[in-house]
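**Q** I have a structure here, written as structure tokens, and I will follow up with some questions on it.
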Amino acid sequence: MSLSFAKHETFYIREGWLFKGMSAIQEAYQADEPYNIFLEKDAPERLGMGRNMVRALRFWVQATGLAEEYYEGRLIPRLTNFGELVWQHDPYLEDEGTLWLLHYALTCSQEQATCWYWFFNHFSPISFTDKQAVESLGNWVINAESDRKVAKSSLKKDVACLLRTYLPDKQNSNPENLRESPLARLGILSQFGDGAQRRYQWQQADVTKLNPLILLYVIIDQQRVKGRDSNEVRLSQLLQEPMNVGHVFNLTTAMLSDQIASLNKEHPDFGVRFVRTAGLDQLTLPDVEPQEILIRYYETNQI
């Protein structure tokens, strides 16, 4: 696993950025000669942002799973299947389900957004300080890549950027605030205290707002990612293994059970069955592709 840090140029995702990135990628790809908008000399003028912000936007559209770059004589960015669905159904990121999917992509982004992957899959504290997070990240890097030297300043930048990605902007509660990250609307992190007493808390997901199709997508996608041919998975795996629903949404057993009950009621053809085998809670998953679940979600949840 190759780790990377501070590729965001210290800029967290701002409101409207991902729309701007997707729009520019589509325009560039549909040109007579496709080009990489982020590498063009006049990109700052065309995108209306500073050069460092352009580099940050190039990073974010890929780290959130909306785009990938392919070598076609030169590097050309293209929207992924997920990105195409978002562009078609929710380009302005008004749907909370889209925000959860972007968050999921970040929690899986081991090589691009390593800090995000580490935070939600290996750190996951109830409450913490900036210093505790930086020290824990540094120790994790040493264990993950013992020969890797990462400047502490880079780790600090990543932790600070992650916090700004999810924390609401207390100085401006205006819903039109363009400086706030759209992912702040998920309510994943909260801050309490100030100065030396400042701490952060990882909040549990509001399952009443979490569409069960989003949860099913993550479960099925992780079955594919982890190379499982079977439609069977243990409840403990969903709750405990990296990148699965327990870590992505910070779920308890009861919350997961409620989500599955809602899924079975609302989408019986995508239903999940509980089976208790040899004292273990086993789940039988529907035979469905991750992309089918996303299509169902966006077709039944039009903005």
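We name chains A, B, ... following the order of the structure tokens; residues begin at 1 in each chain, and ligands are numbered from 1 as shown.
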Need the shell around Gln240 in chain A: protein/DNA/RNA residues with any atom at most 12 Å away, counting only C-alpha atoms. Skip same-chain ones fewer than 3 positions apart. Format as a CSV table (one decimal) with N, CA and C atoms, in the first residue's frame?

**A**
chain,number,residue,atom,x,y,z
A,120,PHE,N,-11.1,7.0,9.8
A,120,PHE,CA,-12.4,6.3,10.0
A,120,PHE,C,-12.2,4.8,10.1
A,121,ASN,N,-11.1,4.2,9.7
A,121,ASN,CA,-11.0,2.8,9.8
A,121,ASN,C,-10.0,2.3,10.9
A,122,HIS,N,-9.1,3.2,11.4
A,122,HIS,CA,-8.1,2.7,12.3
A,122,HIS,C,-8.0,3.6,13.6
A,124,SER,N,-10.8,6.2,14.7
A,124,SER,CA,-12.2,6.1,15.2
A,124,SER,C,-12.4,6.3,16.7
A,234,ARG,N,-20.7,-12.3,7.7
A,234,ARG,CA,-21.0,-12.2,9.1
A,234,ARG,C,-21.3,-10.8,9.6
A,235,LEU,N,-22.2,-10.7,10.5
A,235,LEU,CA,-22.6,-9.4,11.1
A,235,LEU,C,-21.3,-8.7,11.7
A,236,SER,N,-20.5,-9.5,12.3
A,236,SER,CA,-19.3,-8.9,12.9
A,236,SER,C,-18.4,-8.3,11.9
A,237,GLN,N,-18.3,-8.9,10.7
A,237,GLN,CA,-17.5,-8.3,9.6
A,237,GLN,C,-18.0,-6.9,9.1
A,243,MET,N,-13.5,-0.2,6.1
A,243,MET,CA,-14.2,0.3,5.0
A,243,MET,C,-15.6,-0.3,4.9
A,244,ASN,N,-16.1,-1.0,5.9
A,244,ASN,CA,-17.4,-1.5,5.8
A,244,ASN,C,-18.4,-0.6,6.6
A,245,VAL,N,-19.6,-1.0,6.6
A,245,VAL,CA,-20.6,0.0,7.1
A,245,VAL,C,-20.5,0.4,8.6
A,246,GLY,N,-19.9,-0.5,9.4
A,246,GLY,CA,-19.7,-0.1,10.8
A,246,GLY,C,-18.8,1.1,11.0
A,247,HIS,N,-17.7,1.1,10.2
A,247,HIS,CA,-16.8,2.2,10.3
A,247,HIS,C,-17.2,3.4,9.5
A,248,VAL,N,-17.8,3.2,8.3
A,248,VAL,CA,-18.2,4.3,7.4
A,248,VAL,C,-19.3,5.1,8.0
A,249,PHE,N,-20.3,4.5,8.7
A,249,PHE,CA,-21.4,5.2,9.2
A,249,PHE,C,-21.4,5.2,10.8
A,250,ASN,N,-20.4,4.6,11.4
A,250,ASN,CA,-20.3,4.6,12.9
A,250,ASN,C,-21.6,4.0,13.5
A,251,LEU,N,-21.9,2.8,13.0
A,251,LEU,CA,-23.1,2.1,13.4
A,251,LEU,C,-23.0,1.1,14.6
A,252,THR,N,-24.0,1.0,15.4
A,252,THR,CA,-24.1,0.0,16.4
A,252,THR,C,-24.9,-1.2,15.8
A,253,THR,N,-24.9,-2.3,16.5
A,253,THR,CA,-25.6,-3.5,16.0
A,253,THR,C,-27.1,-3.2,15.8

**Q** Applying 12 Å and only C-alpha atoms, which residues near Ser136 in chain A remain after dropping the ones on its own chain fewer than 2 positions away? List them as an MDAnalysis selection string.

**A** chainID A and resid 115 118:119 122:125 128:134 138:143 152 155:156 159

**Q** Could you write out that same residue set with C-alpha atoms as a tab-separated table (two decimals), in the first residue's frame?

**A**
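This is the output file selection-v6.tsv:
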chain	number	residue	atom	x	y	z
A	115	CYS	CA	-5.50	10.34	6.41
A	118	TRP	CA	-6.79	5.95	8.61
A	119	PHE	CA	-9.13	8.19	10.61
A	122	HIS	CA	-8.14	2.72	12.35
A	123	PHE	CA	-8.42	5.75	14.66
A	124	SER	CA	-12.18	6.09	15.20
A	125	PRO	CA	-12.10	7.63	18.69
A	128	PHE	CA	-9.86	13.54	20.70
A	129	THR	CA	-7.62	16.59	20.34
A	130	ASP	CA	-5.67	17.73	17.28
A	131	LYS	CA	-2.44	16.63	18.96
A	132	GLN	CA	-3.75	13.15	19.77
A	133	ALA	CA	-4.88	12.67	16.17
A	134	VAL	CA	-1.52	13.76	14.71
A	138	GLY	CA	2.24	9.25	12.90
A	139	ASN	CA	2.38	5.98	14.84
A	140	TRP	CA	0.07	4.29	12.35
A	141	VAL	CA	2.27	5.39	9.42
A	142	ILE	CA	5.34	3.93	11.14
A	143	ASN	CA	3.55	0.58	11.56
A	152	LYS	CA	5.01	15.95	10.93
A	155	LEU	CA	0.42	15.01	9.08
A	156	LYS	CA	-0.77	18.20	10.79
A	159	VAL	CA	-5.59	16.27	10.17

**Q** Using DSSP assignments from the backbone, pull out every residue in range 203-282 of chain A that falls under helix (DSSP H, G or I) and give it to me as JSON, numbers by chain.

**A** {"A": [212, 213, 214, 215, 216, 217, 218, 219, 220, 221, 222, 223, 224, 225, 235, 236, 237, 238, 239, 240, 245, 246, 247, 248, 249, 253, 254, 255, 256, 257, 258, 259, 260, 261, 262, 263, 264, 265, 266, 268, 269, 270]}

**Q** Mind pulling up the distance from CA of Ile76 in chain A to CA of His8 in chain A?

**A**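 Interatomic distance here is 19.4 Å.
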
**Q** Which neighbours of Leu75 in chain A fall inside 9 Å, counting only C-alpha atoms, when residues of the same chain fewer than 6 positions from it are skipped, and could you give them as a list in words?

**A**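 Result of the neighbour search: Tyr35, Asn36 and Glu69 of chain A.
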
**Q** Between A:Gly83, A:Arg198, A:His89, A:Leu3, which is the closest to Glu145 in chain A once you count only C-alpha atoms?

**A**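 Looking at the shortest contact to Glu145 in chain A, the residue is A:Leu3.
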
**Q** Interatomic distance between CA of Gln110 in chain A and CA of Ser4 in chain A?

**A**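 Computed distance, CA of Gln110 in chain A to CA of Ser4 in chain A, equals 8.2 Å.
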
**Q** Looking at only C-alpha atoms, which of A:Asp42, A:Asp287, A:Asp269, A:Glu15 is the one that sits closest to Tyr92 in chain A?

**A** A:Glu15

**Q** Restricting the calculation to only C-alpha atoms: of A:Leu66, A:Arg51, A:Glu27, A:Ser190, which residue gets closest to Asn81 in chain A?

**A** A:Leu66

**Q** Could you give me the residues within range 87-200 of chain A that DSSP places in strand (DSSP E or B), as number ranges by chain?

**A** A: 127-128, 189-192, 199-200

**Q** Select from range 140-235 of chain A every residue with an atom at most 10 Å from any atom of range 9-12 of chain A, then for each give the shortest pair of atoms and their distance in Å to one decimal, using only C-alpha atoms, rows by chain and rising number, as CSV.

**A**
residue,atom,partner,partner_atom,distance
A:Ser154,CA,A:Thr10,CA,9.4
A:Lys156,CA,A:Thr10,CA,10.0
A:Lys157,CA,A:Thr10,CA,6.2
A:Asp158,CA,A:Thr10,CA,7.4
A:Val159,CA,A:Thr10,CA,9.9
A:Ala160,CA,A:Thr10,CA,8.2
A:Cys161,CA,A:Tyr12,CA,5.5
A:Leu162,CA,A:Tyr12,CA,7.3
A:Leu163,CA,A:Tyr12,CA,8.9
A:Arg164,CA,A:Tyr12,CA,6.4
A:Thr165,CA,A:Tyr12,CA,5.6
A:Tyr166,CA,A:Tyr12,CA,9.3
A:Arg179,CA,A:Tyr12,CA,9.3
A:Glu180,CA,A:Tyr12,CA,8.8
A:Ser181,CA,A:Tyr12,CA,7.0

**Q** With C-alpha atoms kept, could you save the residues just selected as a short mmCIF file (atom, residue, chain, number, x, y, z; two decimals), in the first residue's frame?

**A**
data_model
loop_
_atom_site.label_atom_id
_atom_site.label_comp_id
_atom_site.auth_asym_id
_atom_site.auth_seq_id
_atom_site.Cartn_x
_atom_site.Cartn_y
_atom_site.Cartn_z
CA SER A 154 2.27 17.08 6.48
CA LYS A 156 -0.77 18.20 10.79
CA LYS A 157 -2.01 19.59 7.47
CA ASP A 158 -3.93 16.40 6.75
CA VAL A 159 -5.59 16.27 10.17
CA ALA A 160 -6.52 19.97 9.96
CA CYS A 161 -7.94 19.48 6.46
CA LEU A 162 -9.94 16.42 7.52
CA LEU A 163 -11.47 18.34 10.41
CA ARG A 164 -12.46 21.23 8.12
CA THR A 165 -13.98 18.71 5.71
CA TYR A 166 -16.56 17.62 8.28
CA ARG A 179 -16.50 28.33 2.48
CA GLU A 180 -18.09 25.36 4.25
CA SER A 181 -17.54 21.82 3.03
#

**Q** Please provide as a list in words all residues within 8 Å of Ser109 in chain A, with the sequence filter that same-chain residues fewer than 6 positions apart are discarded (counting only C-alpha atoms).

**A** Ala63, Thr64, Trp116 and Tyr117 of chain A

**Q** Now that the selection is made, can you save its residues with C-alpha atoms as a short mmCIF file (atom, residue, chain, number, x, y, z; two decimals), in the first residue's frame?

**A**
data_model
loop_
_atom_site.label_atom_id
_atom_site.label_comp_id
_atom_site.auth_asym_id
_atom_site.auth_seq_id
_atom_site.Cartn_x
_atom_site.Cartn_y
_atom_site.Cartn_z
CA ALA A 63 -10.31 11.04 -3.93
CA THR A 64 -14.13 11.26 -3.72
CA TRP A 116 -9.21 9.87 5.73
CA TYR A 117 -8.80 6.11 5.37
#

**Q** Of the residues A:Glu40, A:Asp258, A:Glu33, A:Glu111, which is the one nearest to Asp206 in chain A, using only C-alpha atoms?

**A**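 Of all the options, A:Asp258 lies closest to Asp206 in chain A.
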